[in-house]
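Here the structure comes first, spelled out in structure tokens, and everything after it is commentary.
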Amino acid sequence: MLRKTQSFIAFLAACGFAVFGPCLSALKAQDAAGVQFKPYGWVQVDAAYDSARTSYGDLMFMIHPETAVGAGRKELSVSARGTRFGINIIAPESNGRKVTGRIEGDFCDDLTPNKYALRLRLAYVDVALGNGWSARFGQDWDTYVNFHPNTVDASILAYMGHTYGRHPQARLTKETRLGEQTSLTAKIALQHGRNNSDLDGDGQPDENASAVPSVHGSMVFKTRLLTGQQSVFTISGVYGREKLGENAAHPGTYRSRFLHGGIQLPLSERFAISGEGWMGENVDNYLGGIGQGINVVEGTEISARGGWVQGVWSPVKAIKTGVGFGVDDPEDADLSGDARTLNGRIFANIFYYLTDRVTLGLEYTRVRTDYAITKDMQNNRVHFGVMYVF
Ligand SMILES: [Ca+2]
Ligand SMILES: [Ca+2]
Ligand SMILES: [Ca+2]
């Protein structure tokens, strides 16, 4: 089994990135033990015009402050780093347990155009325990992440109201059927942080220094209300700790707390609204607080709140169009220096499904990033993307 898996991975690597799409399509494989490997993914190219430079170009989180080199200049950025591939792994039932797994990567961590480095996004095993119980171990989306906004920009409103992350974790899930179309799912997990912040500069990530995992819980209620499609209601919470050592101006243990809710509500067969809202402190691990978690000058956690709302309309099968906004608003009194005090965008987009597998997306976005001391920045953005899903 191990050798089969190794040879499969070796074959996958041998395919090469330039041709991996066609290779993977031909690779729906099954080994001698009956373990199935189902490849999936997409090829993506993005071109974004910004009237003021952003971090990070075609994958936008915020506008550069006027003190940054080249800030305020217009820019065209183009990349294929949103390209992604993954493998679903399905093992035959054994000891009455069904085991599935997933490995997925993309290239979004590398900010140098045209020579992207592969990044591990997901890698987990999931064991179905029966009666709606399941256990998952590995790196997955954070437990409070139940859905995303529909944007051309692959940052999906990061630092602008949509909180998310992928972290190593151990998660226990119980799904209870309450009716034919109604279910309640409870999830609890121990997770570890991702952003590796070392604010006291002692060489040890501050979350590692606390020597405890963060605790995540989420409840998801799904039912059919106004249409044949499912409505989703979620409520989630997080508690974690980070520790700054003697190097810091204010050594000690800092909390990370997070309360999060979401709604996905189809109002007709062709129109749906969705959104999320959250509040918390020291939530930079989850792309909240515009990436600002602890104020090391004052020795306090930075409180923040935010959210997003989007309406999506599908007038015909081949077209999906939406408008929405997202905002992340840290508490100004918790910030020091030229901190980011507000970050948000309003956007309108249209997706055209050229074929079942090829999608063209066009998005206009008006962006605003406010700074505590220097000028508040604004940006007009036009983003065009093409995606080939396999
Ligand atoms: Ca540290
Ligand atoms: Ca933090
Ligand atoms: Ca603010």
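We label chains A, B, ... in the order they appear in the structure tokens, count residues from 1 in each chain, and number ligands from 1 in the order shown.
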
Would you kindly return, as number ranges by chain, each protein, DNA or RNA residue with an atom no farther than 12 Å from any atom of Val316 (chain A), considering only C-alpha atoms and excluding same-chain residues fewer than 6 positions away? A: 269-271, 351-353

Go ahead and dump the residues you just picked, C-alpha atoms, as a PDB file, in the first residue's frame.
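What follows is the written file out23.pdb:
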```
ATOM      1  CA  GLU A 269     -34.241  29.532  -7.168  1.00  0.00           C
ATOM      2  CA  ARG A 270     -32.049  32.209  -8.812  1.00  0.00           C
ATOM      3  CA  PHE A 271     -31.182  34.637  -6.031  1.00  0.00           C
ATOM      4  CA  PHE A 351     -19.084  35.065 -13.971  1.00  0.00           C
ATOM      5  CA  TYR A 352     -19.734  33.599 -17.413  1.00  0.00           C
ATOM      6  CA  TYR A 353     -19.528  29.817 -17.810  1.00  0.00           C
TER       7      TYR A 353
END
```

Select the residues contacting ligand 2 at a distance of at most 8 Å, based on only C-alpha atoms and all ligand atoms, then format the selection as number ranges by chain. A: 195, 197, 206-207, 242, 256, 282-285, 292-294

Hey, can you spit out that residue selection with N, CA and C atoms as a compact mmCIF listing (two decimals), in the first residue's frame?
```txt
# COMPACT_ATOMS: atom_id res chain seq x y z
N ASN A 195 0.16 31.82 11.69
CA ASN A 195 0.90 32.98 11.18
C ASN A 195 2.29 33.13 11.80
N SER A 197 3.65 34.24 14.33
CA SER A 197 4.14 35.53 14.80
C SER A 197 5.07 35.35 16.00
N ASP A 206 4.96 32.79 19.12
CA ASP A 206 4.31 33.12 20.39
C ASP A 206 3.19 32.14 20.74
N GLU A 207 2.59 31.54 19.70
CA GLU A 207 1.55 30.56 19.99
C GLU A 207 2.16 29.25 20.49
N GLU A 242 -1.48 33.20 23.40
CA GLU A 242 -0.12 33.42 22.90
C GLU A 242 0.69 33.98 24.05
N SER A 256 -6.65 35.05 22.69
CA SER A 256 -7.22 35.23 21.36
C SER A 256 -8.65 34.71 21.46
N ASN A 282 -7.32 39.81 19.23
CA ASN A 282 -6.14 39.06 18.78
C ASN A 282 -6.56 37.97 17.78
N VAL A 283 -7.12 38.41 16.66
CA VAL A 283 -7.66 37.48 15.66
C VAL A 283 -6.86 37.51 14.34
N ASP A 284 -5.60 37.95 14.42
CA ASP A 284 -4.78 37.99 13.20
C ASP A 284 -4.54 36.59 12.63
N ASN A 285 -4.58 35.56 13.49
CA ASN A 285 -4.44 34.18 13.00
C ASN A 285 -5.52 33.82 12.00
N GLN A 292 -3.66 42.47 12.53
CA GLN A 292 -3.06 43.04 13.73
C GLN A 292 -3.67 42.35 14.96
N GLY A 293 -2.83 41.64 15.74
CA GLY A 293 -3.34 40.84 16.85
C GLY A 293 -3.03 41.40 18.22
N ILE A 294 -1.74 41.66 18.48
CA ILE A 294 -1.31 42.16 19.79
C ILE A 294 -0.61 43.50 19.59
```

Env. residues ligand 1 / 6 Å / only C-alpha atoms and all ligand atoms / as a ChimeraX atom specification: /A:198-206,244

Among the residues A:Tyr239, A:Tyr124, A:Tyr40, A:Tyr286, the one that comes closest to Asp142 (chain A) [using only C-alpha atoms]: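 Ranking A:Tyr239, A:Tyr124, A:Tyr40, A:Tyr286 by distance to Asp142 (chain A), first place goes to A:Tyr286.
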
Residue with smallest distance to Gly57 (chain A) - pool A:Lys38, A:Arg81, A:Arg119, A:Arg357, counting only C-alpha atoms: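 Looking only at the distances to Gly57 (chain A), the closest residue turns out to be A:Arg81.
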
Strand (DSSP E or B) per DSSP on the backbone: members of region 76-121 of chain A, as a PyMOL selection string: chain A and resi 76-79+84-90+94+97-106+119-121

Rounded to one decimal place, report the CA of Trp278 (chain A)-CA of Lys222 (chain A) distance in Å.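 CA of Lys222 (chain A) lies at a distance of 19.9 Å from CA of Trp278 (chain A).
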
Could you list, as a VMD selection string, all residues that come within 12 Å of ligand 3? Count only C-alpha atoms and all ligand atoms. chain A and resid 289 to 290 292 302 to 306 327 to 336 339 to 344 369 to 372 376

Give me a file of those residues, with N, CA and C atoms, as a PDB file, in the first residue's frame.
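In the end it all went to part.pdb:
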```
ATOM      1  N   GLY A 289      -8.806  41.665  12.159  1.00  0.00           N
ATOM      2  CA  GLY A 289      -8.053  42.777  12.743  1.00  0.00           C
ATOM      3  C   GLY A 289      -7.079  43.383  11.742  1.00  0.00           C
ATOM      4  N   ILE A 290      -7.361  43.197  10.430  1.00  0.00           N
ATOM      5  CA  ILE A 290      -6.448  43.592   9.337  1.00  0.00           C
ATOM      6  C   ILE A 290      -5.039  43.075   9.645  1.00  0.00           C
ATOM      7  N   GLN A 292      -3.664  42.474  12.528  1.00  0.00           N
ATOM      8  CA  GLN A 292      -3.056  43.043  13.726  1.00  0.00           C
ATOM      9  C   GLN A 292      -3.668  42.354  14.957  1.00  0.00           C
ATOM     10  N   ILE A 302      -5.616  43.408  20.494  1.00  0.00           N
ATOM     11  CA  ILE A 302      -6.329  44.355  19.633  1.00  0.00           C
ATOM     12  C   ILE A 302      -7.717  43.789  19.323  1.00  0.00           C
ATOM     13  N   SER A 303      -8.759  44.516  19.748  1.00  0.00           N
ATOM     14  CA  SER A 303     -10.135  44.102  19.442  1.00  0.00           C
ATOM     15  C   SER A 303     -10.482  44.488  18.011  1.00  0.00           C
ATOM     16  N   ALA A 304     -11.331  43.716  17.397  1.00  0.00           N
ATOM     17  CA  ALA A 304     -11.760  44.034  16.034  1.00  0.00           C
ATOM     18  C   ALA A 304     -13.118  43.401  15.781  1.00  0.00           C
ATOM     19  N   ARG A 305     -13.820  43.965  14.793  1.00  0.00           N
ATOM     20  CA  ARG A 305     -15.076  43.357  14.354  1.00  0.00           C
ATOM     21  C   ARG A 305     -15.200  43.570  12.855  1.00  0.00           C
ATOM     22  N   GLY A 306     -16.003  42.744  12.235  1.00  0.00           N
ATOM     23  CA  GLY A 306     -16.140  42.873  10.790  1.00  0.00           C
ATOM     24  C   GLY A 306     -17.164  41.914  10.240  1.00  0.00           C
ATOM     25  N   VAL A 327     -15.955  44.428   5.391  1.00  0.00           N
ATOM     26  CA  VAL A 327     -15.205  45.418   6.159  1.00  0.00           C
ATOM     27  C   VAL A 327     -14.591  44.779   7.401  1.00  0.00           C
ATOM     28  N   ASP A 328     -13.387  45.233   7.751  1.00  0.00           N
ATOM     29  CA  ASP A 328     -12.694  44.811   8.971  1.00  0.00           C
ATOM     30  C   ASP A 328     -12.330  46.090   9.723  1.00  0.00           C
ATOM     31  N   ASP A 329     -12.788  46.198  10.963  1.00  0.00           N
ATOM     32  CA  ASP A 329     -12.652  47.446  11.716  1.00  0.00           C
ATOM     33  C   ASP A 329     -12.037  47.191  13.094  1.00  0.00           C
ATOM     34  N   PRO A 330     -10.705  47.240  13.203  1.00  0.00           N
ATOM     35  CA  PRO A 330     -10.071  47.118  14.524  1.00  0.00           C
ATOM     36  C   PRO A 330     -10.408  48.332  15.395  1.00  0.00           C
ATOM     37  N   GLU A 331     -10.413  48.142  16.692  1.00  0.00           N
ATOM     38  CA  GLU A 331     -10.673  49.221  17.659  1.00  0.00           C
ATOM     39  C   GLU A 331      -9.474  50.175  17.665  1.00  0.00           C
ATOM     40  N   ASP A 332      -9.717  51.427  17.258  1.00  0.00           N
ATOM     41  CA  ASP A 332      -8.599  52.367  17.102  1.00  0.00           C
ATOM     42  C   ASP A 332      -7.833  52.585  18.403  1.00  0.00           C
ATOM     43  N   ALA A 333      -8.539  52.556  19.532  1.00  0.00           N
ATOM     44  CA  ALA A 333      -7.894  52.804  20.832  1.00  0.00           C
ATOM     45  C   ALA A 333      -6.914  51.690  21.202  1.00  0.00           C
ATOM     46  N   ASP A 334      -7.032  50.535  20.552  1.00  0.00           N
ATOM     47  CA  ASP A 334      -6.124  49.410  20.841  1.00  0.00           C
ATOM     48  C   ASP A 334      -4.862  49.442  19.990  1.00  0.00           C
ATOM     49  N   LEU A 335      -4.773  50.426  19.071  1.00  0.00           N
ATOM     50  CA  LEU A 335      -3.673  50.433  18.096  1.00  0.00           C
ATOM     51  C   LEU A 335      -2.643  51.493  18.443  1.00  0.00           C
ATOM     52  N   SER A 336      -1.402  51.273  17.992  1.00  0.00           N
ATOM     53  CA  SER A 336      -0.335  52.262  18.167  1.00  0.00           C
ATOM     54  C   SER A 336       0.334  52.527  16.831  1.00  0.00           C
ATOM     55  N   ALA A 339      -1.035  52.473  12.429  1.00  0.00           N
ATOM     56  CA  ALA A 339      -1.705  51.176  12.263  1.00  0.00           C
ATOM     57  C   ALA A 339      -2.826  51.274  11.239  1.00  0.00           C
ATOM     58  N   ARG A 340      -3.284  50.126  10.779  1.00  0.00           N
ATOM     59  CA  ARG A 340      -4.425  50.066   9.866  1.00  0.00           C
ATOM     60  C   ARG A 340      -5.702  50.101  10.718  1.00  0.00           C
ATOM     61  N   THR A 341      -6.523  51.125  10.525  1.00  0.00           N
ATOM     62  CA  THR A 341      -7.683  51.324  11.396  1.00  0.00           C
ATOM     63  C   THR A 341      -8.993  50.844  10.773  1.00  0.00           C
ATOM     64  N   LEU A 342      -9.047  50.750   9.435  1.00  0.00           N
ATOM     65  CA  LEU A 342     -10.254  50.278   8.746  1.00  0.00           C
ATOM     66  C   LEU A 342      -9.848  49.778   7.363  1.00  0.00           C
ATOM     67  N   ASN A 343     -10.465  48.683   6.929  1.00  0.00           N
ATOM     68  CA  ASN A 343     -10.132  48.129   5.622  1.00  0.00           C
ATOM     69  C   ASN A 343     -11.400  47.507   5.048  1.00  0.00           C
ATOM     70  N   GLY A 344     -11.773  47.924   3.831  1.00  0.00           N
ATOM     71  CA  GLY A 344     -12.995  47.351   3.291  1.00  0.00           C
ATOM     72  C   GLY A 344     -13.122  47.552   1.800  1.00  0.00           C
ATOM     73  N   THR A 369      -8.469  51.679   2.568  1.00  0.00           N
ATOM     74  CA  THR A 369      -7.663  51.275   3.729  1.00  0.00           C
ATOM     75  C   THR A 369      -7.296  52.543   4.499  1.00  0.00           C
ATOM     76  N   ASP A 370      -7.752  52.641   5.744  1.00  0.00           N
ATOM     77  CA  ASP A 370      -7.476  53.821   6.568  1.00  0.00           C
ATOM     78  C   ASP A 370      -6.283  53.561   7.474  1.00  0.00           C
ATOM     79  N   TYR A 371      -5.472  54.604   7.642  1.00  0.00           N
ATOM     80  CA  TYR A 371      -4.295  54.517   8.521  1.00  0.00           C
ATOM     81  C   TYR A 371      -4.412  55.524   9.657  1.00  0.00           C
ATOM     82  N   ALA A 372      -3.835  55.185  10.815  1.00  0.00           N
ATOM     83  CA  ALA A 372      -4.009  56.010  12.011  1.00  0.00           C
ATOM     84  C   ALA A 372      -3.353  57.375  11.858  1.00  0.00           C
ATOM     85  N   ASP A 376      -5.492  58.239   4.496  1.00  0.00           N
ATOM     86  CA  ASP A 376      -6.349  57.096   4.172  1.00  0.00           C
ATOM     87  C   ASP A 376      -6.260  56.849   2.665  1.00  0.00           C
TER      88      ASP A 376
END
```

Pick from A:Asn114, A:Ser231, A:Ser51, A:Thr185 nearest to Met377 (chain A), counting only C-alpha atoms: A:Ser51

Restricting the calculation to only C-alpha atoms: of A:Asn88, A:Thr365, A:Asn295, A:Gln230, which residue gets closest to Thr182 (chain A)? A:Gln230

Please list as a PyMOL selection string every residue within 6 Å of region 125-127 of chain A, counting only C-alpha atoms and excluding residues in the same chain fewer than 3 positions away. chain A and resi 98-101+134-137

Between A:Leu265, A:Val382, A:Met387, A:Val296, which has the minimum distance to Ala249 (chain A) (counting only C-alpha atoms)?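 Among the listed residues, the smallest separation from Ala249 (chain A) belongs to A:Val296.
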
Please provide the set of residues having any atom within 12 Å of Gly179 (chain A), restricted to only C-alpha atoms, with same-chain residues fewer than 2 positions apart removed, written as a PyMOL selection string. chain A and resi 176-177+181-184+221-224

For region 150-165 of chain A, list every protein, DNA or RNA residue within 8 Å, evaluated using only C-alpha atoms, and leave out those in the same chain fewer than 4 positions away; present the list as a ChimeraX atom specification. /A:58-62,82,141-142,144-145,194,276-277,285-291,306-308,310,322,326-328,343-345,349,361-363,383-385

Filtering to N, CA and C atoms, could you give me those residues as an mmCIF file, in the first residue's frame?
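Okay, this is what ended up in again_19.cif:
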```cif
data_model
loop_
_atom_site.group_PDB
_atom_site.id
_atom_site.type_symbol
_atom_site.label_atom_id
_atom_site.label_comp_id
_atom_site.auth_asym_id
_atom_site.auth_seq_id
_atom_site.Cartn_x
_atom_site.Cartn_y
_atom_site.Cartn_z
ATOM 1 N N ASP A 58 -2.590 40.943 -7.603
ATOM 2 C CA ASP A 58 -3.770 40.213 -8.075
ATOM 3 C C ASP A 58 -4.468 39.466 -6.942
ATOM 4 N N LEU A 59 -3.826 39.346 -5.807
ATOM 5 C CA LEU A 59 -4.428 38.718 -4.623
ATOM 6 C C LEU A 59 -4.449 39.814 -3.552
ATOM 7 N N MET A 60 -5.575 40.548 -3.451
ATOM 8 C CA MET A 60 -5.531 41.799 -2.682
ATOM 9 C C MET A 60 -5.987 41.646 -1.237
ATOM 10 N N PHE A 61 -5.185 42.150 -0.315
ATOM 11 C CA PHE A 61 -5.540 42.189 1.103
ATOM 12 C C PHE A 61 -5.792 43.625 1.570
ATOM 13 N N MET A 62 -4.971 44.589 1.068
ATOM 14 C CA MET A 62 -5.114 45.982 1.523
ATOM 15 C C MET A 62 -4.296 46.893 0.609
ATOM 16 N N GLY A 82 -3.043 31.285 -8.565
ATOM 17 C CA GLY A 82 -4.279 30.745 -7.998
ATOM 18 C C GLY A 82 -4.563 29.320 -8.456
ATOM 19 N N TRP A 141 -9.491 23.574 6.631
ATOM 20 C CA TRP A 141 -10.069 24.891 6.900
ATOM 21 C C TRP A 141 -10.379 24.990 8.388
ATOM 22 N N ASP A 142 -10.260 26.192 8.947
ATOM 23 C CA ASP A 142 -10.608 26.406 10.348
ATOM 24 C C ASP A 142 -12.049 25.952 10.596
ATOM 25 N N TYR A 144 -14.575 27.218 12.123
ATOM 26 C CA TYR A 144 -15.680 28.179 11.966
ATOM 27 C C TYR A 144 -15.957 28.496 10.492
ATOM 28 N N VAL A 145 -15.113 28.024 9.569
ATOM 29 C CA VAL A 145 -15.297 28.327 8.145
ATOM 30 C C VAL A 145 -16.300 27.345 7.550
ATOM 31 N N ARG A 194 -1.236 29.592 12.581
ATOM 32 C CA ARG A 194 -0.511 29.508 11.321
ATOM 33 C C ARG A 194 0.467 30.644 11.144
ATOM 34 N N GLU A 276 -21.505 37.016 6.757
ATOM 35 C CA GLU A 276 -20.962 36.602 8.051
ATOM 36 C C GLU A 276 -20.641 37.844 8.860
ATOM 37 N N GLY A 277 -20.698 37.717 10.170
ATOM 38 C CA GLY A 277 -20.287 38.787 11.057
ATOM 39 C C GLY A 277 -19.478 38.198 12.201
ATOM 40 N N ASN A 285 -4.578 35.564 13.487
ATOM 41 C CA ASN A 285 -4.445 34.178 13.003
ATOM 42 C C ASN A 285 -5.521 33.822 12.001
ATOM 43 N N TYR A 286 -6.649 34.533 12.061
ATOM 44 C CA TYR A 286 -7.807 34.196 11.238
ATOM 45 C C TYR A 286 -8.069 35.271 10.177
ATOM 46 N N LEU A 287 -7.024 36.050 9.862
ATOM 47 C CA LEU A 287 -7.095 37.125 8.877
ATOM 48 C C LEU A 287 -8.092 38.200 9.296
ATOM 49 N N GLY A 288 -8.242 38.376 10.622
ATOM 50 C CA GLY A 288 -9.068 39.448 11.173
ATOM 51 C C GLY A 288 -8.190 40.519 11.803
ATOM 52 N N GLY A 289 -8.806 41.665 12.159
ATOM 53 C CA GLY A 289 -8.053 42.777 12.743
ATOM 54 C C GLY A 289 -7.079 43.383 11.742
ATOM 55 N N ILE A 290 -7.361 43.197 10.430
ATOM 56 C CA ILE A 290 -6.448 43.592 9.337
ATOM 57 C C ILE A 290 -5.039 43.075 9.645
ATOM 58 N N GLY A 291 -4.972 41.861 10.179
ATOM 59 C CA GLY A 291 -3.674 41.228 10.421
ATOM 60 C C GLY A 291 -2.951 41.740 11.651
ATOM 61 N N GLY A 306 -16.003 42.744 12.235
ATOM 62 C CA GLY A 306 -16.140 42.873 10.790
ATOM 63 C C GLY A 306 -17.164 41.914 10.240
ATOM 64 N N GLY A 307 -17.252 41.908 8.918
ATOM 65 C CA GLY A 307 -18.190 41.005 8.265
ATOM 66 C C GLY A 307 -18.319 41.323 6.790
ATOM 67 N N TRP A 308 -19.150 40.573 6.135
ATOM 68 C CA TRP A 308 -19.420 40.786 4.713
ATOM 69 C C TRP A 308 -20.840 40.341 4.393
ATOM 70 N N GLN A 310 -23.274 39.525 0.690
ATOM 71 C CA GLN A 310 -23.285 39.450 -0.778
ATOM 72 C C GLN A 310 -24.621 38.906 -1.262
ATOM 73 N N GLY A 322 -23.053 39.150 -8.949
ATOM 74 C CA GLY A 322 -23.245 39.470 -7.534
ATOM 75 C C GLY A 322 -22.755 40.854 -7.176
ATOM 76 N N GLY A 326 -17.449 44.106 2.161
ATOM 77 C CA GLY A 326 -16.829 43.490 3.331
ATOM 78 C C GLY A 326 -16.018 44.546 4.066
ATOM 79 N N VAL A 327 -15.955 44.428 5.391
ATOM 80 C CA VAL A 327 -15.205 45.418 6.159
ATOM 81 C C VAL A 327 -14.591 44.779 7.401
ATOM 82 N N ASP A 328 -13.387 45.233 7.751
ATOM 83 C CA ASP A 328 -12.694 44.811 8.971
ATOM 84 C C ASP A 328 -12.330 46.090 9.723
ATOM 85 N N ASN A 343 -10.465 48.683 6.929
ATOM 86 C CA ASN A 343 -10.132 48.129 5.622
ATOM 87 C C ASN A 343 -11.400 47.507 5.048
ATOM 88 N N GLY A 344 -11.773 47.924 3.831
ATOM 89 C CA GLY A 344 -12.995 47.351 3.291
ATOM 90 C C GLY A 344 -13.122 47.552 1.800
ATOM 91 N N ARG A 345 -14.114 46.909 1.239
ATOM 92 C CA ARG A 345 -14.366 47.062 -0.192
ATOM 93 C C ARG A 345 -15.842 46.842 -0.499
ATOM 94 N N ASN A 349 -19.530 41.763 -9.443
ATOM 95 C CA ASN A 349 -18.829 40.850 -10.354
ATOM 96 C C ASN A 349 -19.812 40.075 -11.232
ATOM 97 N N GLY A 361 -14.364 35.472 -15.299
ATOM 98 C CA GLY A 361 -14.882 36.322 -14.227
ATOM 99 C C GLY A 361 -14.386 37.745 -14.364
ATOM 100 N N LEU A 362 -15.268 38.710 -14.133
ATOM 101 C CA LEU A 362 -14.888 40.128 -14.190
ATOM 102 C C LEU A 362 -15.438 40.793 -12.928
ATOM 103 N N GLU A 363 -14.586 41.600 -12.272
ATOM 104 C CA GLU A 363 -14.997 42.177 -10.981
ATOM 105 C C GLU A 363 -14.506 43.620 -10.872
ATOM 106 N N HIS A 383 -10.645 43.487 -12.096
ATOM 107 C CA HIS A 383 -9.990 42.181 -12.019
ATOM 108 C C HIS A 383 -10.654 41.243 -13.021
ATOM 109 N N PHE A 384 -9.837 40.627 -13.874
ATOM 110 C CA PHE A 384 -10.338 39.647 -14.838
ATOM 111 C C PHE A 384 -9.645 38.313 -14.570
ATOM 112 N N GLY A 385 -10.415 37.254 -14.487
ATOM 113 C CA GLY A 385 -9.842 35.939 -14.212
ATOM 114 C C GLY A 385 -10.443 34.874 -15.113
#
```

Hey, what's within 9 Å of Asn208 (chain A) if we count only C-alpha atoms and toss same-chain stuff fewer than 4 positions away? As a ChimeraX atom specification, please? /A:192-193,196,204,212-213,242-243

Create the file for the chosen residues now, containing all heavy atoms and written as a PDB file, in the first residue's frame.
```pdb
ATOM      1  N   HIS A 192      -3.964  24.511  15.823  1.00  0.00           N
ATOM      2  CA  HIS A 192      -2.741  25.254  16.040  1.00  0.00           C
ATOM      3  C   HIS A 192      -2.679  26.414  15.057  1.00  0.00           C
ATOM      4  O   HIS A 192      -3.191  26.325  13.954  1.00  0.00           O
ATOM      5  CB  HIS A 192      -1.522  24.354  15.879  1.00  0.00           C
ATOM      6  CG  HIS A 192      -0.267  25.020  16.372  1.00  0.00           C
ATOM      7  ND1 HIS A 192      -0.120  25.449  17.667  1.00  0.00           N
ATOM      8  CD2 HIS A 192       0.876  25.354  15.728  1.00  0.00           C
ATOM      9  CE1 HIS A 192       1.061  26.015  17.802  1.00  0.00           C
ATOM     10  NE2 HIS A 192       1.683  25.976  16.648  1.00  0.00           N
ATOM     11  N   GLY A 193      -2.035  27.502  15.461  1.00  0.00           N
ATOM     12  CA  GLY A 193      -2.016  28.715  14.648  1.00  0.00           C
ATOM     13  C   GLY A 193      -1.145  28.588  13.424  1.00  0.00           C
ATOM     14  O   GLY A 193      -0.434  27.619  13.236  1.00  0.00           O
ATOM     15  N   ASN A 196       2.622  32.213  12.740  1.00  0.00           N
ATOM     16  CA  ASN A 196       4.006  32.101  13.171  1.00  0.00           C
ATOM     17  C   ASN A 196       4.538  33.389  13.793  1.00  0.00           C
ATOM     18  O   ASN A 196       5.735  33.627  13.760  1.00  0.00           O
ATOM     19  CB  ASN A 196       4.896  31.752  11.956  1.00  0.00           C
ATOM     20  CG  ASN A 196       5.721  30.525  12.235  1.00  0.00           C
ATOM     21  OD1 ASN A 196       5.432  29.778  13.183  1.00  0.00           O
ATOM     22  ND2 ASN A 196       6.739  30.297  11.444  1.00  0.00           N
ATOM     23  N   GLN A 204      10.961  31.987  19.039  1.00  0.00           N
ATOM     24  CA  GLN A 204       9.924  30.979  19.247  1.00  0.00           C
ATOM     25  C   GLN A 204       8.560  31.587  18.899  1.00  0.00           C
ATOM     26  O   GLN A 204       8.197  32.634  19.459  1.00  0.00           O
ATOM     27  CB  GLN A 204       9.913  30.535  20.711  1.00  0.00           C
ATOM     28  CG  GLN A 204       8.901  29.445  21.004  1.00  0.00           C
ATOM     29  CD  GLN A 204       8.827  29.124  22.492  1.00  0.00           C
ATOM     30  OE1 GLN A 204       9.047  29.986  23.336  1.00  0.00           O
ATOM     31  NE2 GLN A 204       8.492  27.888  22.810  1.00  0.00           N
ATOM     32  N   VAL A 212      -0.252  25.602  24.605  1.00  0.00           N
ATOM     33  CA  VAL A 212      -1.598  25.008  24.571  1.00  0.00           C
ATOM     34  C   VAL A 212      -2.190  25.244  23.176  1.00  0.00           C
ATOM     35  O   VAL A 212      -1.885  26.252  22.534  1.00  0.00           O
ATOM     36  CB  VAL A 212      -2.548  25.622  25.626  1.00  0.00           C
ATOM     37  CG1 VAL A 212      -2.140  25.200  27.029  1.00  0.00           C
ATOM     38  CG2 VAL A 212      -2.608  27.135  25.502  1.00  0.00           C
ATOM     39  N   PRO A 213      -3.032  24.323  22.683  1.00  0.00           N
ATOM     40  CA  PRO A 213      -3.707  24.563  21.402  1.00  0.00           C
ATOM     41  C   PRO A 213      -4.861  25.546  21.593  1.00  0.00           C
ATOM     42  O   PRO A 213      -5.271  25.825  22.732  1.00  0.00           O
ATOM     43  CB  PRO A 213      -4.230  23.178  21.020  1.00  0.00           C
ATOM     44  CG  PRO A 213      -4.416  22.468  22.312  1.00  0.00           C
ATOM     45  CD  PRO A 213      -3.408  23.030  23.287  1.00  0.00           C
ATOM     46  N   GLU A 242      -1.478  33.199  23.397  1.00  0.00           N
ATOM     47  CA  GLU A 242      -0.120  33.415  22.904  1.00  0.00           C
ATOM     48  C   GLU A 242       0.688  33.979  24.054  1.00  0.00           C
ATOM     49  O   GLU A 242       0.140  34.638  24.939  1.00  0.00           O
ATOM     50  CB  GLU A 242      -0.139  34.401  21.733  1.00  0.00           C
ATOM     51  CG  GLU A 242      -0.748  33.786  20.489  1.00  0.00           C
ATOM     52  CD  GLU A 242      -1.138  34.816  19.441  1.00  0.00           C
ATOM     53  OE1 GLU A 242      -0.552  35.910  19.429  1.00  0.00           O
ATOM     54  OE2 GLU A 242      -2.055  34.526  18.661  1.00  0.00           O
ATOM     55  N   LYS A 243       1.990  33.712  24.061  1.00  0.00           N
ATOM     56  CA  LYS A 243       2.816  34.156  25.180  1.00  0.00           C
ATOM     57  C   LYS A 243       4.030  34.924  24.678  1.00  0.00           C
ATOM     58  O   LYS A 243       4.729  34.466  23.770  1.00  0.00           O
ATOM     59  CB  LYS A 243       3.275  32.933  25.976  1.00  0.00           C
ATOM     60  CG  LYS A 243       3.900  33.285  27.306  1.00  0.00           C
ATOM     61  CD  LYS A 243       4.180  32.018  28.084  1.00  0.00           C
ATOM     62  CE  LYS A 243       4.868  32.338  29.409  1.00  0.00           C
ATOM     63  NZ  LYS A 243       5.231  31.109  30.124  1.00  0.00           N
TER      64      LYS A 243
END
```

For Val215 (chain A), please output as a ChimeraX atom specification all residues within 6 Å (counting only C-alpha atoms; exclusion window: fewer than 5 positions along the same chain). /A:189-190,238-239

For CA of Ser274 (chain A) and CA of Trp313 (chain A), the interatomic separation in Å (one decimal):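 Rounded to one decimal, the two atoms are 11.6 Å apart.
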
Counting only C-alpha atoms, the residue of A:Thr143, A:Ser79, A:Gln169, A:Glu298 that sits nearest Gly337 (chain A):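 Looking only at the distances to Gly337 (chain A), the closest residue turns out to be A:Glu298.
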
Interatomic distance, CA of Ala80 (chain A) to CA of Arg381 (chain A) (Å, one decimal): 18.2 Å

Helix (DSSP H, G or I) residues, from DSSP on the backbone, in region 107-344 of chain A, as a compact mmCIF listing (two decimals) with C-alpha atoms, in the first residue's frame:
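Below is the file that was written, out.txt:
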```
# COMPACT_ATOMS: atom_id res chain seq x y z
CA ASP A 206 4.31 33.12 20.39
CA GLU A 207 1.55 30.56 19.99
CA ASN A 208 4.05 27.72 20.47
CA ALA A 209 5.29 29.50 23.61
CA SER A 210 1.84 29.32 25.23
CA ASP A 284 -4.78 37.99 13.20
CA ASN A 285 -4.44 34.18 13.00
CA TYR A 286 -7.81 34.20 11.24
CA GLY A 289 -8.05 42.78 12.74
CA ILE A 290 -6.45 43.59 9.34
CA GLY A 291 -3.67 41.23 10.42
CA ASP A 332 -8.60 52.37 17.10
CA ALA A 333 -7.89 52.80 20.83
CA ASP A 334 -6.12 49.41 20.84
```
